[in-house]
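One file, coords-v6.pdb, is given below (PDB, C-alpha atoms).
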ATOM      1  CA  MET A 370      -8.497 -25.255 -19.392
ATOM      2  CA  PRO A 371      -6.046 -23.348 -21.596
ATOM      3  CA  ILE A 372      -2.494 -22.820 -20.352
ATOM      4  CA  PRO A 373      -0.223 -20.170 -21.909
ATOM      5  CA  ASP A 374       2.500 -21.590 -24.163
ATOM      6  CA  ASP A 375       5.232 -19.926 -22.107
ATOM      7  CA  VAL A 376       4.266 -22.006 -19.059
ATOM      8  CA  THR A 377       6.503 -25.059 -19.335
ATOM      9  CA  GLY A 378       6.091 -26.661 -15.929
ATOM     10  CA  HIS A 379       9.765 -26.223 -15.119
ATOM     11  CA  GLU A 380       8.883 -23.144 -13.043
ATOM     12  CA  ILE A 381       7.837 -25.251 -10.049
ATOM     13  CA  ASP A 382      10.143 -26.113  -7.144
ATOM     14  CA  LYS A 383      12.750 -28.810  -7.626
ATOM     15  CA  ASP A 384      11.211 -30.861  -4.804
ATOM     16  CA  VAL A 385       7.859 -30.926  -6.605
ATOM     17  CA  GLN A 386       9.521 -31.814  -9.905
ATOM     18  CA  GLN A 387      11.167 -34.720  -8.122
ATOM     19  CA  GLU A 388       7.806 -35.911  -6.792
ATOM     20  CA  LEU A 389       6.350 -35.817 -10.286
ATOM     21  CA  GLN A 390       9.084 -38.090 -11.633
ATOM     22  CA  SER A 391       6.986 -41.031 -10.477
ATOM     23  CA  LEU A 392       4.557 -40.190 -13.305
ATOM     24  CA  PRO A 393       4.967 -40.853 -17.046
ATOM     25  CA  LYS A 394       6.816 -37.938 -18.654
ATOM     26  CA  GLY A 395       3.897 -36.468 -20.612
ATOM     27  CA  LEU A 396       1.564 -36.704 -17.642
ATOM     28  CA  ALA A 397       4.165 -35.200 -15.329
ATOM     29  CA  GLU A 398       4.489 -32.195 -17.667
ATOM     30  CA  ASP A 399       0.719 -31.674 -17.780
ATOM     31  CA  VAL A 400       0.451 -31.830 -13.988
ATOM     32  CA  ALA A 401       3.420 -29.489 -13.549
ATOM     33  CA  ARG A 402       1.936 -26.883 -15.901
ATOM     34  CA  ASN A 403      -1.369 -26.961 -14.028
ATOM     35  CA  LEU A 404       0.460 -26.566 -10.711
ATOM     36  CA  VAL A 405       2.299 -23.545 -12.117
ATOM     37  CA  MET A 406      -1.052 -21.973 -13.003
ATOM     38  CA  VAL A 407      -2.306 -22.615  -9.473
ATOM     39  CA  ALA A 408       0.723 -20.823  -8.032
ATOM     40  CA  LYS A 409       0.434 -17.914 -10.495
ATOM     41  CA  LEU A 410      -3.278 -17.299  -9.919
ATOM     42  CA  ILE A 411      -3.937 -18.217  -6.297
ATOM     43  CA  ASP A 412      -3.622 -14.618  -5.052
ATOM     44  CA  GLU A 413      -5.106 -12.656  -7.956
ATOM     45  CA  ASP A 414      -7.747 -15.102  -9.184
ATOM     46  CA  PRO A 415      -8.349 -17.863  -6.599
ATOM     47  CA  GLU A 416     -11.338 -19.300  -8.463
ATOM     48  CA  GLN A 417      -9.257 -19.929 -11.571
ATOM     49  CA  ALA A 418      -6.443 -21.328  -9.442
ATOM     50  CA  TYR A 419      -8.939 -23.714  -7.875
ATOM     51  CA  ALA A 420     -10.081 -24.878 -11.318
ATOM     52  CA  TYR A 421      -6.501 -25.669 -12.352
ATOM     53  CA  SER A 422      -5.894 -27.477  -9.054
ATOM     54  CA  ARG A 423      -8.861 -29.755  -9.733
ATOM     55  CA  ILE A 424      -7.379 -30.714 -13.084
ATOM     56  CA  ALA A 425      -4.025 -31.516 -11.467
ATOM     57  CA  LEU A 426      -5.836 -33.497  -8.797
ATOM     58  CA  ARG A 427      -7.728 -35.510 -11.389
ATOM     59  CA  LEU A 428      -4.478 -36.319 -13.179
ATOM     60  CA  ALA A 429      -2.315 -37.183 -10.168
ATOM     61  CA  SER A 430      -4.193 -37.541  -6.901
ATOM     62  CA  ARG A 431      -1.510 -39.800  -5.445
ATOM     63  CA  VAL A 432       1.156 -37.084  -5.509
ATOM     64  CA  ALA A 433       1.452 -35.240  -2.193
ATOM     65  CA  ALA A 434       2.406 -31.921  -3.812
ATOM     66  CA  VAL A 435      -0.774 -32.060  -5.897
ATOM     67  CA  ARG A 436      -2.923 -32.698  -2.819
ATOM     68  CA  GLU A 437      -1.213 -29.816  -1.039
ATOM     69  CA  ALA A 438      -1.750 -27.432  -3.965
ATOM     70  CA  ALA A 439      -5.399 -28.485  -4.148
ATOM     71  CA  GLY A 440      -5.683 -27.806  -0.435
ATOM     72  CA  PHE A 441      -4.289 -24.299  -0.697
ATOM     73  CA  ALA A 442      -6.500 -23.512  -3.706
ATOM     74  CA  ALA A 443      -9.576 -24.678  -1.772
ATOM     75  CA  TYR A 444      -8.401 -22.715   1.278
ATOM     76  CA  ALA A 445      -8.038 -19.539  -0.820
ATOM     77  CA  ASN A 446     -11.681 -19.984  -1.865
ATOM     78  CA  GLN A 447     -12.825 -20.555   1.745
ATOM     79  CA  LYS A 448     -13.695 -24.176   0.994
ATOM     80  CA  TYR A 449     -12.344 -25.153   4.389
ATOM     81  CA  SER A 450     -13.747 -28.669   4.620
ATOM     82  CA  GLU A 451     -12.294 -29.582   1.242
ATOM     83  CA  ALA A 452      -8.991 -27.889   2.057
ATOM     84  CA  LEU A 453      -8.703 -29.765   5.338
ATOM     85  CA  ALA A 454      -9.299 -33.092   3.600
ATOM     86  CA  GLU A 455      -6.565 -32.355   1.039
ATOM     87  CA  PHE A 456      -4.088 -31.209   3.695
ATOM     88  CA  ARG A 457      -4.736 -34.338   5.727
ATOM     89  CA  ALA A 458      -4.152 -36.480   2.652
ATOM     90  CA  ALA A 459      -0.872 -34.691   1.895
ATOM     91  CA  ARG A 460       0.248 -35.131   5.497
ATOM     92  CA  ARG A 461      -0.506 -38.834   5.424
ATOM     93  CA  MET A 462       1.604 -39.193   2.290
ATOM     94  CA  THR A 463       4.607 -37.255   3.565
ATOM     95  CA  GLY A 464       4.449 -37.605   7.338
ATOM     96  CA  SER A 465       5.378 -33.907   7.567
ATOM     97  CA  VAL A 466       3.844 -31.538  10.158
ATOM     98  CA  GLU A 467       4.426 -28.487   7.963
ATOM     99  CA  LEU A 468       0.705 -28.111   7.182
ATOM    100  CA  TRP A 469      -0.395 -28.308  10.836
ATOM    101  CA  PRO A 470      -1.019 -24.536  11.284
ATOM    102  CA  VAL A 471      -3.116 -24.171   8.119
ATOM    103  CA  MET A 472      -5.050 -27.305   9.045
ATOM    104  CA  ALA A 473      -5.833 -25.674  12.398
ATOM    105  CA  ASP A 474      -6.917 -22.518  10.600
ATOM    106  CA  CYS A 475      -9.297 -24.607   8.492
ATOM    107  CA  GLU A 476     -10.876 -25.717  11.775
ATOM    108  CA  ARG A 477     -11.385 -22.041  12.580
ATOM    109  CA  GLY A 478     -12.943 -21.513   9.165
ATOM    110  CA  LEU A 479     -15.351 -24.356   9.889
ATOM    111  CA  GLY A 480     -16.443 -22.638  13.114
ATOM    112  CA  ARG A 481     -14.441 -24.908  15.411
ATOM    113  CA  PRO A 482     -11.983 -22.608  17.236
ATOM    114  CA  GLU A 483     -11.803 -25.020  20.174
ATOM    115  CA  LYS A 484     -10.389 -27.671  17.829
ATOM    116  CA  ALA A 485      -7.846 -25.157  16.517
ATOM    117  CA  LEU A 486      -6.711 -24.445  20.087
ATOM    118  CA  GLU A 487      -6.451 -28.153  20.768
ATOM    119  CA  MET A 488      -4.173 -28.490  17.748
ATOM    120  CA  ALA A 489      -2.113 -25.509  18.973
ATOM    121  CA  GLY A 490      -1.293 -27.498  22.097
ATOM    122  CA  ALA A 491      -0.490 -30.761  20.302
ATOM    123  CA  PRO A 492       2.997 -32.353  20.213
ATOM    124  CA  GLU A 493       3.172 -31.693  16.448
ATOM    125  CA  VAL A 494       3.727 -27.980  17.145
ATOM    126  CA  HIS A 495       7.132 -28.689  18.709
ATOM    127  CA  LYS A 496       8.226 -30.296  15.438
ATOM    128  CA  LEU A 497       7.490 -27.145  13.426
ATOM    129  CA  ASP A 498      10.257 -24.789  12.366
ATOM    130  CA  LYS A 499      10.264 -21.230  13.718
ATOM    131  CA  ALA A 500       8.049 -19.890  10.923
ATOM    132  CA  GLY A 501       5.547 -22.694  11.507
ATOM    133  CA  GLN A 502       5.467 -22.047  15.248
ATOM    134  CA  VAL A 503       4.793 -18.347  14.679
ATOM    135  CA  GLU A 504       2.025 -19.268  12.240
ATOM    136  CA  MET A 505       0.545 -21.590  14.839
ATOM    137  CA  ARG A 506       0.622 -18.786  17.383
ATOM    138  CA  LEU A 507      -1.257 -16.524  14.976
ATOM    139  CA  VAL A 508      -3.895 -19.189  14.397
ATOM    140  CA  ALA A 509      -4.283 -19.785  18.137
ATOM    141  CA  ALA A 510      -4.691 -16.053  18.771
ATOM    142  CA  GLY A 511      -7.288 -15.912  16.013
ATOM    143  CA  ALA A 512      -9.150 -18.787  17.646
ATOM    144  CA  ARG A 513      -9.153 -16.915  20.957
ATOM    145  CA  ARG A 514     -10.643 -13.900  19.212
ATOM    146  CA  ASP A 515     -13.252 -16.113  17.569
ATOM    147  CA  MET A 516     -14.293 -17.035  21.104
ATOM    148  CA  ASP A 517     -14.301 -13.352  22.209
ATOM    149  CA  GLN A 518     -11.286 -13.949  24.427
ATOM    150  CA  ILE A 519      -9.414 -10.786  23.434
ATOM    151  CA  ASP A 520      -7.118 -10.634  26.458
ATOM    152  CA  ALA A 521      -6.159 -14.272  25.954
ATOM    153  CA  ALA A 522      -5.403 -13.529  22.305
ATOM    154  CA  ILE A 523      -3.078 -10.714  23.350
ATOM    155  CA  VAL A 524      -1.242 -12.992  25.767
ATOM    156  CA  THR A 525      -0.981 -15.710  23.097
ATOM    157  CA  LEU A 526       0.789 -13.316  20.746
ATOM    158  CA  GLN A 527       3.293 -12.133  23.343
ATOM    159  CA  SER A 528       6.444 -14.078  22.543
ATOM    160  CA  PRO A 529      10.185 -13.718  21.968
ATOM    161  CA  GLU A 530       9.454 -13.387  18.231
ATOM    162  CA  LEU A 531       7.169 -10.420  18.897
ATOM    163  CA  ALA A 532       9.685  -8.723  21.195
ATOM    164  CA  SER A 533      12.632  -9.270  18.855
ATOM    165  CA  ASN A 534      14.038  -6.301  16.944
ATOM    166  CA  SER A 535      15.100  -8.650  14.174
ATOM    167  CA  VAL A 536      12.849  -8.444  11.112
ATOM    168  CA  GLN A 537      11.840 -11.854   9.796
ATOM    169  CA  PRO A 538       9.313 -12.845   7.098
ATOM    170  CA  TRP A 539       6.638 -13.248   9.763
ATOM    171  CA  THR A 540       7.439 -10.097  11.778
ATOM    172  CA  ALA A 541       4.964  -7.709  10.140
ATOM    173  CA  ARG A 542       2.040 -10.150  10.371
ATOM    174  CA  LEU A 543       2.774 -10.987  14.002
ATOM    175  CA  ARG A 544       3.036  -7.332  15.009
ATOM    176  CA  TYR A 545      -0.103  -6.507  13.028
ATOM    177  CA  ALA A 546      -2.132  -9.206  14.791
ATOM    178  CA  TYR A 547      -0.889  -7.916  18.143
ATOM    179  CA  ALA A 548      -1.709  -4.281  17.315
ATOM    180  CA  ASP A 549      -5.163  -5.248  16.075
ATOM    181  CA  ALA A 550      -5.862  -7.259  19.232
ATOM    182  CA  LEU A 551      -4.746  -4.346  21.420
ATOM    183  CA  LEU A 552      -7.077  -2.034  19.533
ATOM    184  CA  ALA A 553      -9.959  -4.494  19.956
ATOM    185  CA  ALA A 554      -9.244  -4.466  23.697
ATOM    186  CA  GLY A 555      -9.487  -0.668  23.774
ATOM    187  CA  ARG A 556      -5.765  -0.161  24.387
ATOM    188  CA  GLU A 557      -5.399   2.471  21.675
ATOM    189  CA  ASP A 558      -2.075   4.031  22.671
ATOM    190  CA  GLU A 559      -0.367   0.642  22.704
ATOM    191  CA  ALA A 560      -2.098  -0.325  19.466
ATOM    192  CA  ARG A 561      -0.829   2.821  17.773
ATOM    193  CA  GLU A 562       2.704   2.067  18.934
ATOM    194  CA  TRP A 563       2.556  -1.443  17.487
ATOM    195  CA  PHE A 564       0.971  -0.380  14.208
ATOM    196  CA  ALA A 565       3.929   1.994  13.851
ATOM    197  CA  LYS A 566       6.262  -0.967  14.422
ATOM    198  CA  VAL A 567       4.412  -2.889  11.737
ATOM    199  CA  VAL A 568       5.058  -0.067   9.261
ATOM    200  CA  GLU A 569       8.759  -0.206  10.120
ATOM    201  CA  SER A 570       8.968  -3.926   9.383
ATOM    202  CA  ASP A 571       6.497  -4.157   6.468
ATOM    203  CA  LYS A 572       8.848  -3.190   3.655
ATOM    204  CA  ASP A 573       6.756  -4.727   0.870
ATOM    205  CA  GLY A 574       3.417  -3.287   2.056
ATOM    206  CA  SER A 575       1.795  -6.637   2.732
ATOM    207  CA  THR A 576      -0.436  -5.129   5.437
ATOM    208  CA  ASP A 577      -2.598  -2.009   5.642
ATOM    209  CA  ALA A 578      -0.843  -0.877   8.834
ATOM    210  CA  SER A 579      -0.040   2.585   7.458
ATOM    211  CA  ASP A 580      -3.719   3.163   6.672
ATOM    212  CA  ARG A 581      -4.758   1.914  10.113
ATOM    213  CA  LEU A 582      -2.224   4.236  11.722
ATOM    214  CA  ALA A 583      -3.426   7.213   9.692
ATOM    215  CA  GLU A 584      -7.023   6.385  10.596
ATOM    216  CA  MET A 585      -6.129   6.400  14.288
ATOM    217  CA  ASP A 586      -4.464   9.784  13.805
ATOM    218  CA  GLY A 587      -7.609  11.163  12.171
ATOM    219  CA  VAL A 588      -6.126  11.483   8.698
ATOM    220  CA  GLU A 589      -8.749  11.109   5.976
ATOM    221  CA  PHE A 590      -7.704  10.001   2.515
ATOM    222  CA  VAL A 591      -9.627  11.210  -0.538
ATOM    223  CA  ASP A 592      -9.553   9.066  -3.626
ATOM    224  CA  ALA A 593      -7.639  10.975  -6.311
ATOM    225  CA  LEU A 594      -9.792   9.387  -9.014
ATOM    226  CA  VAL A 595     -12.931  10.684  -7.340
ATOM    227  CA  GLU A 596     -11.390  14.159  -7.170
ATOM    228  CA  ASP A 597     -10.445  13.971 -10.836
ATOM    229  CA  ASP A 598     -13.959  12.829 -11.768
ATOM    230  CA  GLU A 599     -15.524  15.657  -9.761
ATOM    231  CA  GLU A 600     -13.175  18.210 -11.343
ATOM    232  CA  ALA A 601     -13.911  16.865 -14.814
ATOM    233  CA  GLU A 602     -17.638  17.044 -14.123
ATOM    234  CA  HIS A 603     -17.250  20.641 -12.898
ATOM    235  CA  VAL A 604     -15.281  21.622 -16.007
ATOM    236  CA  THR A 605     -17.842  19.930 -18.254
ATOM    237  CA  HIS A 606     -20.637  21.810 -16.489
ATOM    238  CA  LEU A 607     -18.813  25.118 -17.028
ATOM    239  CA  GLU A 608     -18.327  24.294 -20.687
ATOM    240  CA  VAL A 609     -22.017  23.493 -21.102
ATOM    241  CA  VAL A 610     -23.019  26.724 -19.378
ATOM    242  CA  THR A 611     -20.549  28.718 -21.492
ATOM    243  CA  ASP A 612     -21.807  27.120 -24.691
ATOM    244  CA  ALA A 613     -25.375  27.894 -23.696
ATOM    245  CA  ASP A 614     -24.485  31.516 -22.948
ATOM    246  CA  ASP A 615     -22.667  31.843 -26.258
ATOM    247  CA  ALA A 616     -25.656  30.408 -28.098
ATOM    248  CA  GLU A 617     -28.013  32.786 -26.316
ATOM    249  CA  ARG A 618     -25.806  35.793 -27.135
ATOM    250  CA  ALA A 619     -25.587  34.717 -30.770
ATOM    251  CA  GLU A 620     -29.381  34.398 -30.940
ATOM    252  CA  ASP A 621     -29.857  37.866 -29.422
ATOM    253  CA  ALA A 622     -27.352  39.352 -31.859
ATOM    254  CA  SER A 623     -29.106  37.697 -34.772
ATOM    255  CA  ALA A 624     -32.474  38.987 -33.601
ATOM    256  CA  GLY A 625     -31.057  42.523 -33.194
ATOM    257  CA  SER A 626     -29.609  42.444 -36.673
ATOM    258  CA  GLY A 627     -32.968  41.470 -38.134
ATOM    259  CA  ASP A 628     -34.749  44.412 -36.481
ATOM    260  CA  VAL A 629     -32.317  46.968 -37.973
ATOM    261  CA  GLY A 630     -32.813  45.552 -41.429
ATOM    262  CA  SER A 631     -36.566  45.931 -41.133
ATOM    263  CA  ASP A 632     -36.269  49.586 -40.161
ATOM    264  CA  ASP A 633     -34.088  50.304 -43.200
ATOM    265  CA  ASP A 634     -36.635  48.693 -45.433
ATOM    266  CA  LYS A 635     -39.292  50.944 -44.030
ATOM    267  CA  HIS A 636     -37.266  54.025 -44.846
TER     268      HIS A 636
END

Show me this structure written as structure tokens.
Amino acid sequence: MPIPDDVTGHEIDKDVQQELQSLPKGLAEDVARNLVMVAKLIDEDPEQAYAYSRIALRLASRVAAVREAAGFAAYANQKYSEALAEFRAARRMTGSVELWPVMADCERGLGRPEKALEMAGAPEVHKLDKAGQVEMRLVAAGARRDMDQIDAAIVTLQSPELASNSVQPWTARLRYAYADALLAAGREDEAREWFAKVVESDKDGSTDASDRLAEMDGVEFVDALVEDDEEAEHVTHLEVVTDADDAERAEDASAGSGDVGSDDDKH
């Protein structure tokens, strides 16, 4: 697959570059460039990202970073079985527990929420950093909801991280999950309060909390493009009607002029 000339491969993390040093230089550069494309496209075009990840995987399947990238690309395309296999391979190579939460979420994607909950209670969770533990909590709450255990999901999300006034990278997502669970439980006043807290902490607009809050308040948004299209259609209709009227008036005037000429000829 083509890769833009301005993608050099040096854009990837230093840790990944270090991993790739085990490969011949030319091969390492090819793998790095494909990994850059995976990272660039995984949000906006996951299918393309997946295609680049398969190339990287074919070139360097024994590099943990490549297996991890392939896992995330498969995960983004809801290929959960494939993603889980790649994450497991990466974990075997590195011994790290960093991927434990996303592996558990793959179990959810495969329709095995009980397995995800089992992983949430495993010793590996205690080895995760704070961000990983919050992620694991989100996955566990999602598994509870998969099993229609809404109240249990709410309890799972209640934590010091949720109660903290400090805004961290995970704060908006954690608050959003809690607000959504409260709403699902019919606790609308509390849900509204927490959606408002999400808006406060979601500075980059990564969630649709403001829309959810407006919806709860009965505010209806009208698409400006639709309004513009309707207005344009109305104006066009008026122009057509006006043109038709002008044509009709011109025809009448022409007919009237012809009648006068005939009378003069008679005289």

Checklist entry - Rounded to one decimal in Å, what is the spacing between atom CA of A:Ala491 and atom CA of A:Thr463? => result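 Spanning atom CA of A:Ala491 to atom CA of A:Thr463 is a straight-line distance of 18.7 Å.
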
Next on the checklist: Under the rule that only C-alpha atoms are counted, which of A:Arg427, A:Arg506, A:Arg477, A:Lys383 is the nearest residue to A:Asp399?
Outcome noted: A:Arg427

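Here the PyMOL selection byres ((chain A and resi 564-567) around 8) captures the residues Thr540, Ala541, Arg542, Arg544, Tyr545, Ala548, Ala560, Arg561, Glu562, Trp563, Val568, Glu569, Ser570, Asp571, Ala578, Ser579, Arg581 and Leu582 of chain A.
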
Next on the checklist: Show me, as a ChimeraX atom specification, the residues that have an atom within 8 Å of A:Ala510 when counting only C-alpha atoms, minus same-chain residues fewer than 3 positions from it.
Outcome noted: /A:506-507,513-514,521-523,525-526

Output file for the selection above: C-alpha atoms, as a compact mmCIF listing (two decimals), in the frame of the given file:
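Full text of again.txt as output:
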# COMPACT_ATOMS: atom_id res chain seq x y z
CA ARG A 506 0.62 -18.79 17.38
CA LEU A 507 -1.26 -16.52 14.98
CA ARG A 513 -9.15 -16.92 20.96
CA ARG A 514 -10.64 -13.90 19.21
CA ALA A 521 -6.16 -14.27 25.95
CA ALA A 522 -5.40 -13.53 22.30
CA ILE A 523 -3.08 -10.71 23.35
CA THR A 525 -0.98 -15.71 23.10
CA LEU A 526 0.79 -13.32 20.75

Checklist entry - Using all atoms listed in the file, which residues sit within 9 Å of A:Glu504 once same-chain residues fewer than 3 positions away are excluded, as a list in words? => result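 My reading of the contact set: Pro470, Val471, Lys499, Ala500, Gly501, Leu507, Val508, Ala509, Trp539 and Leu543 of chain A.
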
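Comparing A:Ala434, A:Glu584, A:Asp577, A:Asp374 by their smallest distance to A:Leu389, the closest is A:Ala434 (using only C-alpha atoms).
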
Next on the checklist: Restricting the calculation to only C-alpha atoms: of A:Ala442, A:Val494, A:Ala512, A:Ala546, which residue gets closest to A:Asp474?
Outcome noted: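 Closest to A:Asp474, using only C-alpha atoms: A:Ala512.
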
Extract stretch 521-538 of chain A from the coordinates I pasted, and write it as a PDB file, in the first residue's frame (atoms kept: N, CA, C and O atoms).
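That gives us decode.pdb:
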ATOM      1  N   ALA A 521     -25.305  -2.752  39.735  1.00  0.00           N
ATOM      2  CA  ALA A 521     -23.937  -3.219  39.988  1.00  0.00           C
ATOM      3  C   ALA A 521     -22.930  -2.399  39.182  1.00  0.00           C
ATOM      4  O   ALA A 521     -21.817  -2.116  39.658  1.00  0.00           O
ATOM      5  N   ALA A 522     -23.316  -2.010  37.983  1.00  0.00           N
ATOM      6  CA  ALA A 522     -22.443  -1.171  37.157  1.00  0.00           C
ATOM      7  C   ALA A 522     -22.212   0.178  37.828  1.00  0.00           C
ATOM      8  O   ALA A 522     -21.081   0.697  37.846  1.00  0.00           O
ATOM      9  N   ILE A 523     -23.272   0.737  38.379  1.00  0.00           N
ATOM     10  CA  ILE A 523     -23.164   2.025  39.077  1.00  0.00           C
ATOM     11  C   ILE A 523     -22.206   1.918  40.258  1.00  0.00           C
ATOM     12  O   ILE A 523     -21.325   2.764  40.453  1.00  0.00           O
ATOM     13  N   VAL A 524     -22.355   0.865  41.035  1.00  0.00           N
ATOM     14  CA  VAL A 524     -21.488   0.652  42.193  1.00  0.00           C
ATOM     15  C   VAL A 524     -20.034   0.459  41.751  1.00  0.00           C
ATOM     16  O   VAL A 524     -19.100   0.976  42.379  1.00  0.00           O
ATOM     17  N   THR A 525     -19.836  -0.260  40.646  1.00  0.00           N
ATOM     18  CA  THR A 525     -18.489  -0.512  40.136  1.00  0.00           C
ATOM     19  C   THR A 525     -17.773   0.790  39.788  1.00  0.00           C
ATOM     20  O   THR A 525     -16.560   0.931  39.997  1.00  0.00           O
ATOM     21  N   LEU A 526     -18.515   1.748  39.279  1.00  0.00           N
ATOM     22  CA  LEU A 526     -17.923   3.013  38.853  1.00  0.00           C
ATOM     23  C   LEU A 526     -17.667   3.978  40.009  1.00  0.00           C
ATOM     24  O   LEU A 526     -16.888   4.931  39.869  1.00  0.00           O
ATOM     25  N   GLN A 527     -18.306   3.762  41.124  1.00  0.00           N
ATOM     26  CA  GLN A 527     -18.109   4.621  42.287  1.00  0.00           C
ATOM     27  C   GLN A 527     -16.724   4.352  42.875  1.00  0.00           C
ATOM     28  O   GLN A 527     -16.428   3.244  43.305  1.00  0.00           O
ATOM     29  N   SER A 528     -15.885   5.362  42.867  1.00  0.00           N
ATOM     30  CA  SER A 528     -14.487   5.182  43.244  1.00  0.00           C
ATOM     31  C   SER A 528     -13.892   6.531  43.629  1.00  0.00           C
ATOM     32  O   SER A 528     -14.474   7.584  43.351  1.00  0.00           O
ATOM     33  N   PRO A 529     -12.727   6.513  44.257  1.00  0.00           N
ATOM     34  CA  PRO A 529     -12.053   7.782  44.575  1.00  0.00           C
ATOM     35  C   PRO A 529     -11.788   8.622  43.329  1.00  0.00           C
ATOM     36  O   PRO A 529     -11.857   9.853  43.374  1.00  0.00           O
ATOM     37  N   GLU A 530     -11.489   7.950  42.202  1.00  0.00           N
ATOM     38  CA  GLU A 530     -11.224   8.682  40.954  1.00  0.00           C
ATOM     39  C   GLU A 530     -12.472   9.420  40.468  1.00  0.00           C
ATOM     40  O   GLU A 530     -12.382  10.518  39.922  1.00  0.00           O
ATOM     41  N   LEU A 531     -13.631   8.805  40.666  1.00  0.00           N
ATOM     42  CA  LEU A 531     -14.887   9.441  40.259  1.00  0.00           C
ATOM     43  C   LEU A 531     -15.196  10.635  41.158  1.00  0.00           C
ATOM     44  O   LEU A 531     -15.652  11.675  40.687  1.00  0.00           O
ATOM     45  N   ALA A 532     -14.942  10.487  42.451  1.00  0.00           N
ATOM     46  CA  ALA A 532     -15.274  11.534  43.415  1.00  0.00           C
ATOM     47  C   ALA A 532     -14.288  12.697  43.390  1.00  0.00           C
ATOM     48  O   ALA A 532     -14.608  13.797  43.840  1.00  0.00           O
ATOM     49  N   SER A 533     -13.095  12.459  42.846  1.00  0.00           N
ATOM     50  CA  SER A 533     -12.057  13.486  42.867  1.00  0.00           C
ATOM     51  C   SER A 533     -12.431  14.701  42.024  1.00  0.00           C
ATOM     52  O   SER A 533     -13.029  14.581  40.955  1.00  0.00           O
ATOM     53  N   ASN A 534     -12.065  15.880  42.514  1.00  0.00           N
ATOM     54  CA  ASN A 534     -12.276  17.116  41.758  1.00  0.00           C
ATOM     55  C   ASN A 534     -11.144  17.366  40.764  1.00  0.00           C
ATOM     56  O   ASN A 534     -11.231  18.256  39.922  1.00  0.00           O
ATOM     57  N   SER A 535     -10.092  16.597  40.899  1.00  0.00           N
ATOM     58  CA  SER A 535      -8.953  16.724  39.992  1.00  0.00           C
ATOM     59  C   SER A 535      -9.316  16.155  38.619  1.00  0.00           C
ATOM     60  O   SER A 535      -9.892  15.072  38.522  1.00  0.00           O
ATOM     61  N   VAL A 536      -9.006  16.897  37.579  1.00  0.00           N
ATOM     62  CA  VAL A 536      -9.305  16.458  36.212  1.00  0.00           C
ATOM     63  C   VAL A 536      -8.098  15.745  35.624  1.00  0.00           C
ATOM     64  O   VAL A 536      -7.021  16.330  35.479  1.00  0.00           O
ATOM     65  N   GLN A 537      -8.274  14.473  35.315  1.00  0.00           N
ATOM     66  CA  GLN A 537      -7.237  13.644  34.736  1.00  0.00           C
ATOM     67  C   GLN A 537      -7.661  13.218  33.320  1.00  0.00           C
ATOM     68  O   GLN A 537      -8.803  13.445  32.930  1.00  0.00           O
ATOM     69  N   PRO A 538      -6.774  12.615  32.548  1.00  0.00           N
ATOM     70  CA  PRO A 538      -7.147  12.198  31.194  1.00  0.00           C
ATOM     71  C   PRO A 538      -8.364  11.280  31.137  1.00  0.00           C
ATOM     72  O   PRO A 538      -9.071  11.259  30.126  1.00  0.00           O
TER      73      PRO A 538
END
